[in-house]
$ cat target_39.txt   # compact mmCIF, C-alpha atoms
# COMPACT_ATOMS: atom_id res chain seq x y z
CA MET A 17 0.00 0.00 0.00
CA VAL A 18 1.12 3.51 -0.70
CA GLU A 19 -0.44 5.00 2.41
CA PRO A 20 1.54 3.77 5.43
CA SER A 21 -0.39 2.68 8.47
CA LEU A 22 0.29 5.09 11.28
CA VAL A 23 0.13 3.39 14.65
CA LEU A 24 0.90 5.17 17.89
CA TYR A 25 1.40 3.22 21.08
CA GLY A 26 3.79 2.83 23.97
CA ALA A 27 6.50 5.46 24.35
CA PRO A 28 5.73 7.47 21.17
CA TYR A 29 2.08 7.67 22.22
CA GLU A 30 3.02 8.84 25.71
CA ARG A 31 5.32 11.46 24.21
CA ALA A 32 2.61 12.66 21.86
CA MET A 33 0.21 12.97 24.80
CA ALA A 34 2.84 14.93 26.73
CA VAL A 35 3.28 17.30 23.79
CA LEU A 36 -0.48 17.85 23.57
CA GLU A 37 -0.76 18.43 27.32
CA GLU A 38 2.10 20.92 27.36
CA THR A 39 0.65 22.74 24.36
CA LEU A 40 -2.72 23.06 26.06
CA ARG A 41 -1.02 24.54 29.11
CA GLU A 42 1.15 26.96 27.15
CA THR A 43 -1.54 28.20 24.77
CA GLY A 44 -4.61 28.09 27.02
CA ALA A 45 -6.45 26.15 24.28
CA ARG A 46 -9.39 23.89 25.17
CA TYR A 47 -8.64 20.80 23.09
CA ALA A 48 -5.63 19.42 21.28
CA LEU A 49 -5.94 16.63 18.72
CA PHE A 50 -3.32 14.68 16.85
CA ILE A 51 -4.95 13.14 13.77
CA ASP A 52 -3.78 11.37 10.65
CA ARG A 53 -4.43 12.74 7.16
CA LYS A 54 -7.23 10.28 6.62
CA GLY A 55 -9.20 11.86 9.44
CA PHE A 56 -8.65 9.35 12.25
CA VAL A 57 -7.80 10.51 15.77
CA LEU A 58 -4.40 9.25 16.95
CA ALA A 59 -4.38 11.05 20.31
CA HIS A 60 -6.29 13.83 21.99
CA LYS A 61 -6.21 15.83 25.17
CA GLU A 62 -8.70 18.18 26.78
CA ALA A 63 -7.98 20.99 29.22
CA LEU A 64 -9.32 20.12 32.68
CA TRP A 65 -11.58 23.16 32.69
CA ALA A 66 -12.94 22.66 29.18
CA PRO A 67 -16.55 21.64 28.56
CA LYS A 68 -17.33 18.40 26.70
CA PRO A 69 -15.83 18.59 23.20
CA PRO A 70 -17.85 18.15 20.00
CA PRO A 71 -17.75 14.64 18.44
CA LEU A 72 -14.06 14.02 17.76
CA ASP A 73 -14.65 11.74 14.75
CA SER A 74 -16.62 14.39 12.91
CA LEU A 75 -14.09 17.02 13.86
CA ALA A 76 -11.12 14.97 12.68
CA THR A 77 -12.83 14.03 9.42
CA LEU A 78 -13.72 17.61 8.59
CA VAL A 79 -10.28 18.94 9.51
CA ALA A 80 -8.55 16.28 7.40
CA GLY A 81 -10.87 17.00 4.46
CA ASN A 82 -10.27 20.70 4.85
CA ALA A 83 -6.50 20.21 5.08
CA ALA A 84 -6.52 18.03 1.97
CA ALA A 85 -8.49 20.67 0.08
CA THR A 86 -6.13 23.41 1.29
CA GLN A 87 -3.12 21.43 0.13
CA ALA A 88 -4.72 20.89 -3.27
CA LEU A 89 -5.36 24.63 -3.48
CA ALA A 90 -1.72 25.37 -2.63
CA LYS A 91 -0.58 23.08 -5.43
CA LEU A 92 -2.92 24.79 -7.89
CA LEU A 93 -1.26 28.07 -6.97
CA GLY A 94 2.22 26.64 -7.42
CA GLU A 95 2.99 26.39 -3.70
CA ALA A 96 4.35 23.22 -2.13
CA ARG A 97 1.99 23.71 0.82
CA PHE A 98 0.05 26.16 2.96
CA GLN A 99 1.36 25.12 6.29
CA GLU A 100 -1.13 26.36 8.83
CA VAL A 101 -4.81 27.14 8.80
CA VAL A 102 -6.59 29.35 11.32
CA HIS A 103 -10.35 29.82 11.57
CA GLN A 104 -11.69 32.34 14.04
CA GLY A 105 -15.27 32.97 15.02
CA GLU A 106 -16.65 35.33 17.64
CA ARG A 107 -15.83 32.99 20.51
CA MET A 108 -14.08 29.90 19.20
CA GLY A 109 -11.08 29.36 16.99
CA LEU A 110 -9.38 26.47 15.25
CA TYR A 111 -5.69 26.12 14.46
CA VAL A 112 -4.44 23.34 12.18
CA ASP A 113 -0.80 22.69 11.39
CA GLU A 114 1.02 19.92 9.55
CA ALA A 115 2.82 17.44 11.76
CA GLY A 116 4.94 16.10 8.93
CA GLU A 117 3.63 14.38 5.85
CA HIS A 118 1.13 12.04 7.47
CA ALA A 119 -0.49 13.80 10.41
CA LEU A 120 -2.00 17.05 11.62
CA LEU A 121 -2.15 18.96 14.88
CA VAL A 122 -5.48 20.58 15.74
CA LEU A 123 -5.92 23.13 18.52
CA ILE A 124 -9.35 24.43 19.47
CA PHE A 125 -9.35 27.57 21.54
CA ASP A 126 -11.70 30.23 22.82
CA GLU A 127 -11.35 33.99 23.18
CA SER A 128 -9.27 33.63 26.35
CA ALA A 129 -6.34 32.15 24.40
CA PRO A 130 -4.24 34.70 22.47
CA LEU A 131 -3.85 33.67 18.82
CA GLY A 132 -0.16 34.60 18.87
CA LYS A 133 0.49 32.05 21.59
CA VAL A 134 -1.59 29.41 19.84
CA LYS A 135 0.43 29.87 16.65
CA LEU A 136 3.81 30.02 18.37
CA TYR A 137 3.40 26.97 20.57
CA GLY A 138 1.26 25.21 17.98
CA LYS A 139 4.08 25.33 15.48
CA ARG A 140 6.55 23.99 18.01
CA ALA A 141 4.20 21.16 18.96
CA ALA A 142 3.57 20.28 15.31
CA SER A 143 7.27 19.90 14.72
CA ALA A 144 7.69 17.69 17.82
CA LEU A 145 4.74 15.55 16.71
CA ALA A 146 6.21 15.25 13.20
CA GLU A 147 9.31 13.65 14.71
CA ILE A 148 7.22 11.23 16.76
CA THR A 149 5.26 10.32 13.62
CA GLU A 150 8.41 9.52 11.66
CA GLU A 151 9.63 7.33 14.49
CA ALA A 152 6.30 5.49 14.73
CA LEU A 153 6.28 4.87 10.98
CA ALA A 154 9.83 3.55 11.07
CA ASN A 155 8.98 1.01 13.79
CA PRO A 156 5.52 -0.36 13.04
CA PRO A 157 4.20 -2.79 15.68
CA LYS A 158 2.83 -6.20 14.84
CA LEU A 159 -0.85 -5.84 14.10
CA PRO A 160 -3.44 -8.04 15.81
CA LEU A 161 -5.40 -8.55 12.58
CA ASP A 162 -5.34 -12.34 12.25
CA THR A 163 -8.04 -14.81 11.24
CA GLU A 164 -9.31 -14.99 14.83
CA TYR A 165 -9.87 -11.24 14.71
CA GLN A 166 -11.58 -11.60 11.33
CA GLU A 167 -13.99 -14.25 12.60
CA GLY A 168 -14.85 -12.18 15.68
CA ALA A 169 -15.48 -9.08 13.58
CA LYS A 170 -17.61 -11.03 11.12
CA ALA A 171 -19.83 -12.28 13.95
CA LEU A 172 -20.31 -8.69 15.08
CA LEU A 173 -21.18 -7.69 11.52
CA ASP A 174 -23.91 -10.34 11.48
CA GLU A 175 -25.21 -9.03 14.78
CA LEU A 176 -25.25 -5.39 13.63
CA LEU A 177 -26.41 -5.78 10.04
CA GLY A 178 -28.35 -9.05 10.18
CA ASN A 179 -27.64 -12.41 8.60
CA MET B 27 -4.97 1.26 5.01
CA SER B 28 -6.58 0.74 8.40
CA THR B 29 -5.62 3.04 11.23
CA ILE B 30 -4.88 1.42 14.56
CA ASN B 31 -4.86 3.29 17.82
CA PHE B 32 -3.21 1.00 20.35
CA ALA B 33 -3.62 3.44 23.19
CA ASN B 34 -7.39 3.59 22.81
CA ARG B 35 -7.38 0.03 21.46
CA GLU B 36 -9.21 0.99 18.29
CA ILE B 37 -9.03 -0.29 14.73
CA ASN B 38 -10.60 1.93 12.09
CA PHE B 39 -11.45 1.15 8.49
CA LYS B 40 -12.42 3.57 5.74
CA ILE B 41 -15.12 2.58 3.26
CA VAL B 42 -16.00 4.89 0.37
CA TYR B 43 -19.24 4.89 -1.63
CA TYR B 44 -18.34 5.86 -5.20
CA GLY B 45 -20.46 6.21 -8.35
CA PRO B 46 -22.08 8.67 -10.75
CA GLY B 47 -24.18 11.64 -9.63
CA LEU B 48 -27.63 10.82 -8.22
CA SER B 49 -26.98 7.07 -8.19
CA GLY B 50 -27.94 6.86 -4.50
CA LYS B 51 -24.69 6.98 -2.50
CA THR B 52 -25.99 9.45 0.09
CA THR B 53 -29.30 7.55 0.20
CA ASN B 54 -27.36 4.42 1.20
CA LEU B 55 -25.72 6.27 4.09
CA LYS B 56 -28.97 7.89 5.20
CA TRP B 57 -30.68 4.51 5.32
CA ILE B 58 -27.84 3.02 7.34
CA TYR B 59 -27.90 5.99 9.71
CA GLY B 60 -31.64 5.59 10.19
CA LYS B 61 -31.46 1.88 10.97
CA ILE B 62 -28.34 1.51 13.11
CA PRO B 63 -29.21 1.84 16.82
CA GLU B 64 -27.94 4.75 18.91
CA GLY B 65 -24.65 3.97 20.55
CA ARG B 66 -23.44 2.06 17.50
CA LYS B 67 -23.18 5.11 15.25
CA GLY B 68 -21.73 8.60 15.45
CA GLU B 69 -23.10 11.78 13.98
CA MET B 70 -23.63 11.86 10.25
CA VAL B 71 -21.86 14.76 8.59
CA SER B 72 -23.08 15.93 5.17
CA LEU B 73 -21.31 18.60 3.18
CA ALA B 74 -24.00 19.28 0.61
CA THR B 75 -25.30 22.13 -1.52
CA GLU B 76 -28.67 23.79 -0.86
CA ASP B 77 -30.37 21.36 -3.23
CA GLU B 78 -28.93 18.43 -1.28
CA ARG B 79 -26.28 17.44 -3.80
CA THR B 80 -23.08 16.24 -2.15
CA LEU B 81 -20.46 18.97 -2.37
CA PHE B 82 -17.50 17.37 -0.64
CA PHE B 83 -18.53 14.20 1.23
CA ASP B 84 -20.93 12.55 3.64
CA PHE B 85 -19.47 10.83 6.66
CA LEU B 86 -20.91 8.25 9.04
CA PRO B 87 -18.89 6.41 11.72
CA LEU B 88 -20.17 2.94 12.72
CA ASP B 89 -19.11 1.09 15.82
CA LEU B 90 -18.90 -2.64 15.22
CA GLY B 91 -17.99 -3.53 18.80
CA GLU B 92 -14.98 -5.04 20.48
CA VAL B 93 -12.94 -7.84 18.94
CA LYS B 94 -9.92 -9.29 20.72
CA GLY B 95 -9.87 -6.27 22.98
CA PHE B 96 -9.94 -3.80 20.08
CA LYS B 97 -12.88 -1.53 19.32
CA THR B 98 -13.52 -1.92 15.60
CA ARG B 99 -15.02 0.94 13.68
CA PHE B 100 -16.00 1.55 10.08
CA HIS B 101 -15.93 5.08 8.75
CA LEU B 102 -18.29 5.39 5.78
CA TYR B 103 -17.82 8.16 3.25
CA THR B 104 -19.55 9.14 0.03
CA VAL B 105 -17.92 11.13 -2.75
CA PRO B 106 -19.68 13.84 -4.76
CA GLY B 107 -20.84 12.11 -7.94
CA GLN B 108 -21.06 15.12 -10.21
CA VAL B 109 -18.32 15.13 -12.83
CA PHE B 110 -16.91 18.57 -12.03
CA TYR B 111 -16.19 17.71 -8.39
CA ASN B 112 -13.34 15.38 -9.26
CA ALA B 113 -10.75 17.19 -7.13
CA SER B 114 -12.89 16.47 -4.06
CA ARG B 115 -13.48 12.86 -5.08
CA LYS B 116 -9.78 12.23 -5.33
CA LEU B 117 -9.15 13.55 -1.81
CA ILE B 118 -11.76 11.26 -0.26
CA LEU B 119 -10.10 8.16 -1.70
CA ARG B 120 -6.97 8.73 0.34
CA GLY B 121 -6.34 5.79 2.65
CA VAL B 122 -9.42 3.86 1.46
CA ASP B 123 -9.83 0.27 2.70
CA GLY B 124 -12.91 -0.73 0.70
CA ILE B 125 -15.21 0.69 -2.00
CA VAL B 126 -18.91 0.34 -2.76
CA PHE B 127 -19.54 1.35 -6.35
CA VAL B 128 -23.17 2.47 -6.60
CA ALA B 129 -24.35 2.17 -10.20
CA ASP B 130 -27.61 3.56 -11.57
CA SER B 131 -30.06 1.20 -13.36
CA ALA B 132 -31.58 3.96 -15.52
CA PRO B 133 -30.89 3.47 -19.26
CA ASN B 134 -29.79 7.08 -19.69
CA ARG B 135 -27.16 6.67 -16.91
CA LEU B 136 -25.36 3.71 -18.43
CA ARG B 137 -22.61 5.87 -19.84
CA ALA B 138 -22.34 7.84 -16.56
CA ASN B 139 -21.75 4.54 -14.74
CA ALA B 140 -18.94 3.62 -17.09
CA GLU B 141 -17.36 7.06 -16.87
CA SER B 142 -17.50 7.07 -13.09
CA MET B 143 -15.75 3.69 -12.93
CA ARG B 144 -13.05 4.93 -15.30
CA ASN B 145 -12.69 8.04 -13.17
CA MET B 146 -12.35 5.90 -10.03
CA ARG B 147 -9.57 3.86 -11.63
CA GLU B 148 -7.77 7.06 -12.59
CA ASN B 149 -8.13 8.53 -9.11
CA LEU B 150 -6.91 5.35 -7.44
CA ALA B 151 -3.93 5.39 -9.77
CA GLU B 152 -3.01 8.80 -8.35
CA TYR B 153 -2.39 7.01 -5.04
CA GLY B 154 -0.46 4.25 -6.79
CA LEU B 155 -3.41 1.84 -6.47
CA LYS B 156 -5.11 -0.40 -8.98
CA VAL B 157 -8.74 -1.33 -8.60
CA GLU B 158 -7.57 -4.90 -7.93
CA ASP B 159 -5.71 -3.67 -4.83
CA VAL B 160 -8.88 -2.56 -3.02
CA PRO B 161 -11.95 -4.65 -2.12
CA VAL B 162 -14.81 -3.39 -4.33
CA VAL B 163 -18.50 -4.31 -4.22
CA LEU B 164 -20.84 -3.32 -7.03
CA GLN B 165 -24.31 -2.19 -6.03
CA VAL B 166 -26.78 -1.87 -8.91
CA ASN B 167 -29.28 0.59 -7.47
CA LYS B 168 -32.77 1.77 -8.44
CA ARG B 169 -33.99 -1.68 -9.39
CA ASP B 170 -37.55 -0.38 -8.94
CA LEU B 171 -37.35 1.85 -12.03
CA PRO B 172 -39.90 0.70 -14.62
CA ASP B 173 -37.27 0.84 -17.36
CA ALA B 174 -34.36 -0.47 -15.24
CA LEU B 175 -31.67 -2.09 -17.38
CA PRO B 176 -30.81 -5.73 -16.76
CA VAL B 177 -28.15 -6.08 -14.05
CA GLU B 178 -25.82 -7.85 -16.48
CA MET B 179 -25.96 -4.90 -18.85
CA VAL B 180 -24.97 -2.46 -16.09
CA ARG B 181 -22.28 -4.82 -14.93
CA ALA B 182 -20.91 -5.20 -18.45
CA VAL B 183 -19.96 -1.52 -18.61
CA VAL B 184 -18.46 -1.11 -15.12
CA ASP B 185 -17.06 -4.58 -14.44
CA PRO B 186 -16.82 -6.47 -17.73
CA GLU B 187 -14.56 -9.09 -16.18
CA GLY B 188 -17.15 -9.86 -13.51
CA ARG B 189 -14.62 -9.41 -10.72
CA PHE B 190 -16.75 -7.65 -8.09
CA PRO B 191 -19.58 -9.13 -6.01
CA VAL B 192 -22.89 -7.63 -7.21
CA PHE B 193 -25.92 -6.60 -5.17
CA GLU B 194 -29.21 -5.32 -6.48
CA ALA B 195 -30.68 -2.49 -4.48
CA VAL B 196 -33.49 -0.04 -4.00
CA ALA B 197 -31.69 2.24 -1.55
CA THR B 198 -34.72 4.48 -0.94
CA GLU B 199 -36.45 1.42 0.57
CA GLY B 200 -33.31 -0.03 2.12
CA LYS B 201 -33.30 -3.06 -0.17
CA GLY B 202 -29.77 -4.36 -0.62
CA VAL B 203 -28.22 -1.59 1.49
CA PHE B 204 -27.10 -3.64 4.50
CA GLU B 205 -26.17 -6.61 2.29
CA THR B 206 -23.80 -4.41 0.30
CA LEU B 207 -22.23 -2.87 3.40
CA LYS B 208 -21.81 -6.25 4.99
CA GLU B 209 -20.08 -7.72 1.96
CA VAL B 210 -17.60 -4.87 1.58
CA SER B 211 -16.86 -5.00 5.32
CA ARG B 212 -16.23 -8.75 5.13
CA LEU B 213 -13.91 -8.29 2.18
CA VAL B 214 -11.99 -5.58 4.03
CA LEU B 215 -11.62 -7.78 7.11
CA ALA B 216 -10.55 -10.76 5.00
CA ARG B 217 -7.94 -8.65 3.30
CA VAL B 218 -6.37 -7.30 6.49
CA ALA B 219 -6.44 -10.75 8.08
CA SER B 220 -4.53 -12.16 5.13
CA GLY B 221 -1.97 -9.40 5.67
CA THR B 222 -2.02 -8.11 2.08
$ encode --input "target_39.txt" --output "structure tokens"
Amino acid sequence: MVEPSLVLYGAPYERAMAVLEETLRETGARYALFIDRKGFVLAHKEALWAPKPPPLDSLATLVAGNAAATQALAKLLGEARFQEVVHQGERMGLYVDEAGEHALLVLIFDESAPLGKVKLYGKRAASALAEITEEALANPPKLPLDTEYQEGAKALLDELLGN
Amino acid sequence: MSTINFANREINFKIVYYGPGLSGKTTNLKWIYGKIPEGRKGEMVSLATEDERTLFFDFLPLDLGEVKGFKTRFHLYTVPGQVFYNASRKLILRGVDGIVFVADSAPNRLRANAESMRNMRENLAEYGLKVEDVPVVLQVNKRDLPDALPVEMVRAVVDPEGRFPVFEAVATEGKGVFETLKEVSRLVLARVASGT
């Protein structure tokens, strides 16, 4: 397959979580997500004081779609990439930065977090996460997807979708 | 390629509904959303125009349950079928694990079916993939049309070699919808289990 499977666990996962936690503290953002380019959540962290986040799957999917569209736009304009994307509403804002070729950092913040800080620390976090991603891709773990898994999943499919 | 999150013990698969405009891709997802019980599905996201044509994609996460200690989830996407949205279609195919090709039974959509399949092959090629590399299920939809073409005629233009499993469907009534989803899911699981 062309698209490598990005799997985070063990030490790289713990380091990614530490980066997200530190970034939340430094920026004052509510939520930090580390997602792959396909729109799946690899790791996420919420500030202790933050209210319940919106559905993370939907969020990750939309951000990845948006990032893919932005990258396609950059190429149309002869740019290699537009590295960061910021959306700001009256109360909430969204910061997205590339964490290397295969993943994205997403920070969601409210009006109490200064945008300058979000961008500054966001960029630093994205670069740290890019390194972790490269490491994870270089050392893929053995996947538990054997025939036993397949049979178990098929039984659940029957249960959910009928025989 | 599936995404595995060891920390949360999750395995995620991406299934894309492809096909010409108005063939019923979004209708498939809406039916599934309506029938899957709460707690086994996430929110459905639709990026559509005012007249309900898909602009970018529809998205529906399904929770299969836990297998060998891993939560298994299927993320279902549709692509916009209209010809001029190809840039968006290409983006959605990134990282795809399985494809449902929804073909239209109407006689005047026969050519659109063929063109959409050709377009899918071209877009997969952009990711270095051949159609043989990805599990594909063919759904021949709108079987309730009074002038619906024979299934074999539709199949002849999109899958002349008869490689893909075929399901007849009337997605507006849910006929064939779950059967199609189940088959593509099984093919995806079989493929990852075989390690290819």
$ residues_around --input "target_39.txt" --residues "region 55-65 of chain A" --least-positions-apart "2" --cutoff "7 Å" --atoms "only C-alpha atoms" --output "NGL selection string"
(:A and (24 or 33 or 36-37 or 40 or 46-53 or 67 or 73 or 76-77 or 80)) or (:B and (31))
$ write_last_selection --input "target_39.txt" --atoms "C-alpha atoms" --output "PDB file, keeping the file's coordinate frame"
ATOM      1  CA  LEU A  24       0.900   5.170  17.890  1.00  0.00           C
ATOM      2  CA  MET A  33       0.210  12.970  24.800  1.00  0.00           C
ATOM      3  CA  LEU A  36      -0.480  17.850  23.570  1.00  0.00           C
ATOM      4  CA  GLU A  37      -0.760  18.430  27.320  1.00  0.00           C
ATOM      5  CA  LEU A  40      -2.720  23.060  26.060  1.00  0.00           C
ATOM      6  CA  ARG A  46      -9.390  23.890  25.170  1.00  0.00           C
ATOM      7  CA  TYR A  47      -8.640  20.800  23.090  1.00  0.00           C
ATOM      8  CA  ALA A  48      -5.630  19.420  21.280  1.00  0.00           C
ATOM      9  CA  LEU A  49      -5.940  16.630  18.720  1.00  0.00           C
ATOM     10  CA  PHE A  50      -3.320  14.680  16.850  1.00  0.00           C
ATOM     11  CA  ILE A  51      -4.950  13.140  13.770  1.00  0.00           C
ATOM     12  CA  ASP A  52      -3.780  11.370  10.650  1.00  0.00           C
ATOM     13  CA  ARG A  53      -4.430  12.740   7.160  1.00  0.00           C
ATOM     14  CA  PRO A  67     -16.550  21.640  28.560  1.00  0.00           C
ATOM     15  CA  ASP A  73     -14.650  11.740  14.750  1.00  0.00           C
ATOM     16  CA  ALA A  76     -11.120  14.970  12.680  1.00  0.00           C
ATOM     17  CA  THR A  77     -12.830  14.030   9.420  1.00  0.00           C
ATOM     18  CA  ALA A  80      -8.550  16.280   7.400  1.00  0.00           C
TER      19      ALA A  80
ATOM     20  CA  ASN B  31      -4.860   3.290  17.820  1.00  0.00           C
TER      21      ASN B  31
END
$ residues_around --input "target_39.txt" --residues "region 96-103 of chain A" --least-positions-apart "4" --cutoff "10 Å" --atoms "only C-alpha atoms" --output "PyMOL selection string"
chain A and resi 79+82-83+86-92+108-115+120-124+131+134-135+138-139
$ closest_atom_pairs --input "target_39.txt" --of "chain A" --to "chain B" --cutoff "8 Å" --atoms "only C-alpha atoms" --output "CSV"
residue,atom,partner,partner_atom,distance
A:Met17,CA,B:Met27,CA,7.2
A:Val18,CA,B:Gly154,CA,6.3
A:Glu19,CA,B:Gly121,CA,6.0
A:Pro20,CA,B:Met27,CA,7.0
A:Ser21,CA,B:Met27,CA,5.9
A:Leu22,CA,B:Thr29,CA,6.3
A:Val23,CA,B:Ile30,CA,5.4
A:Leu24,CA,B:Asn31,CA,6.1
A:Tyr25,CA,B:Phe32,CA,5.2
A:Gly26,CA,B:Ala33,CA,7.5
A:Tyr29,CA,B:Ala33,CA,7.2
A:Lys54,CA,B:Gly121,CA,6.1
A:Phe56,CA,B:Thr29,CA,7.1
A:Leu58,CA,B:Asn31,CA,6.0
A:Pro71,CA,B:Glu69,CA,7.5
A:Asp73,CA,B:Pro87,CA,7.5
A:Ser74,CA,B:Val71,CA,6.8
A:Thr77,CA,B:Phe85,CA,7.9
A:Gly81,CA,B:Leu117,CA,7.4
A:Ala84,CA,B:Leu117,CA,6.4
A:Ala85,CA,B:Ser114,CA,7.4
A:Leu161,CA,B:Ala219,CA,5.1
A:Asp162,CA,B:Ala219,CA,4.6
A:Thr163,CA,B:Ala219,CA,5.4
A:Tyr165,CA,B:Val93,CA,6.2
A:Gln166,CA,B:Leu215,CA,5.7
A:Gly168,CA,B:Val93,CA,5.8
A:Ala169,CA,B:Val93,CA,6.1
A:Lys170,CA,B:Arg212,CA,6.6
A:Leu172,CA,B:Leu90,CA,6.2
A:Leu173,CA,B:Leu90,CA,6.7
A:Asp174,CA,B:Lys208,CA,8.0
A:Leu176,CA,B:Leu90,CA,7.1
A:Leu177,CA,B:Phe204,CA,6.0
A:Gly178,CA,B:Phe204,CA,7.9
$ atom_distance --input "target_39.txt" --atom1 "CA of Asn167 (chain B)" --atom2 "CA of Gly188 (chain B)"
17.1 Å
$ atom_distance --input "target_39.txt" --atom1 "CA of Glu199 (chain B)" --atom2 "CA of Asn54 (chain B)"
9.6 Å
$ residues_around --input "target_39.txt" --residues "Arg189 (chain B)" --least-positions-apart "3" --cutoff "12 Å" --atoms "only C-alpha atoms" --output "list in words"
Val157, Glu158, Val160, Pro161, Val162, Val163, Leu164, Arg181, Ala182, Val184, Asp185, Pro186 and Val192 of chain B
$ atom_distance --input "target_39.txt" --atom1 "CA of Thr198 (chain B)" --atom2 "CA of Thr52 (chain B)"
10.1 Å
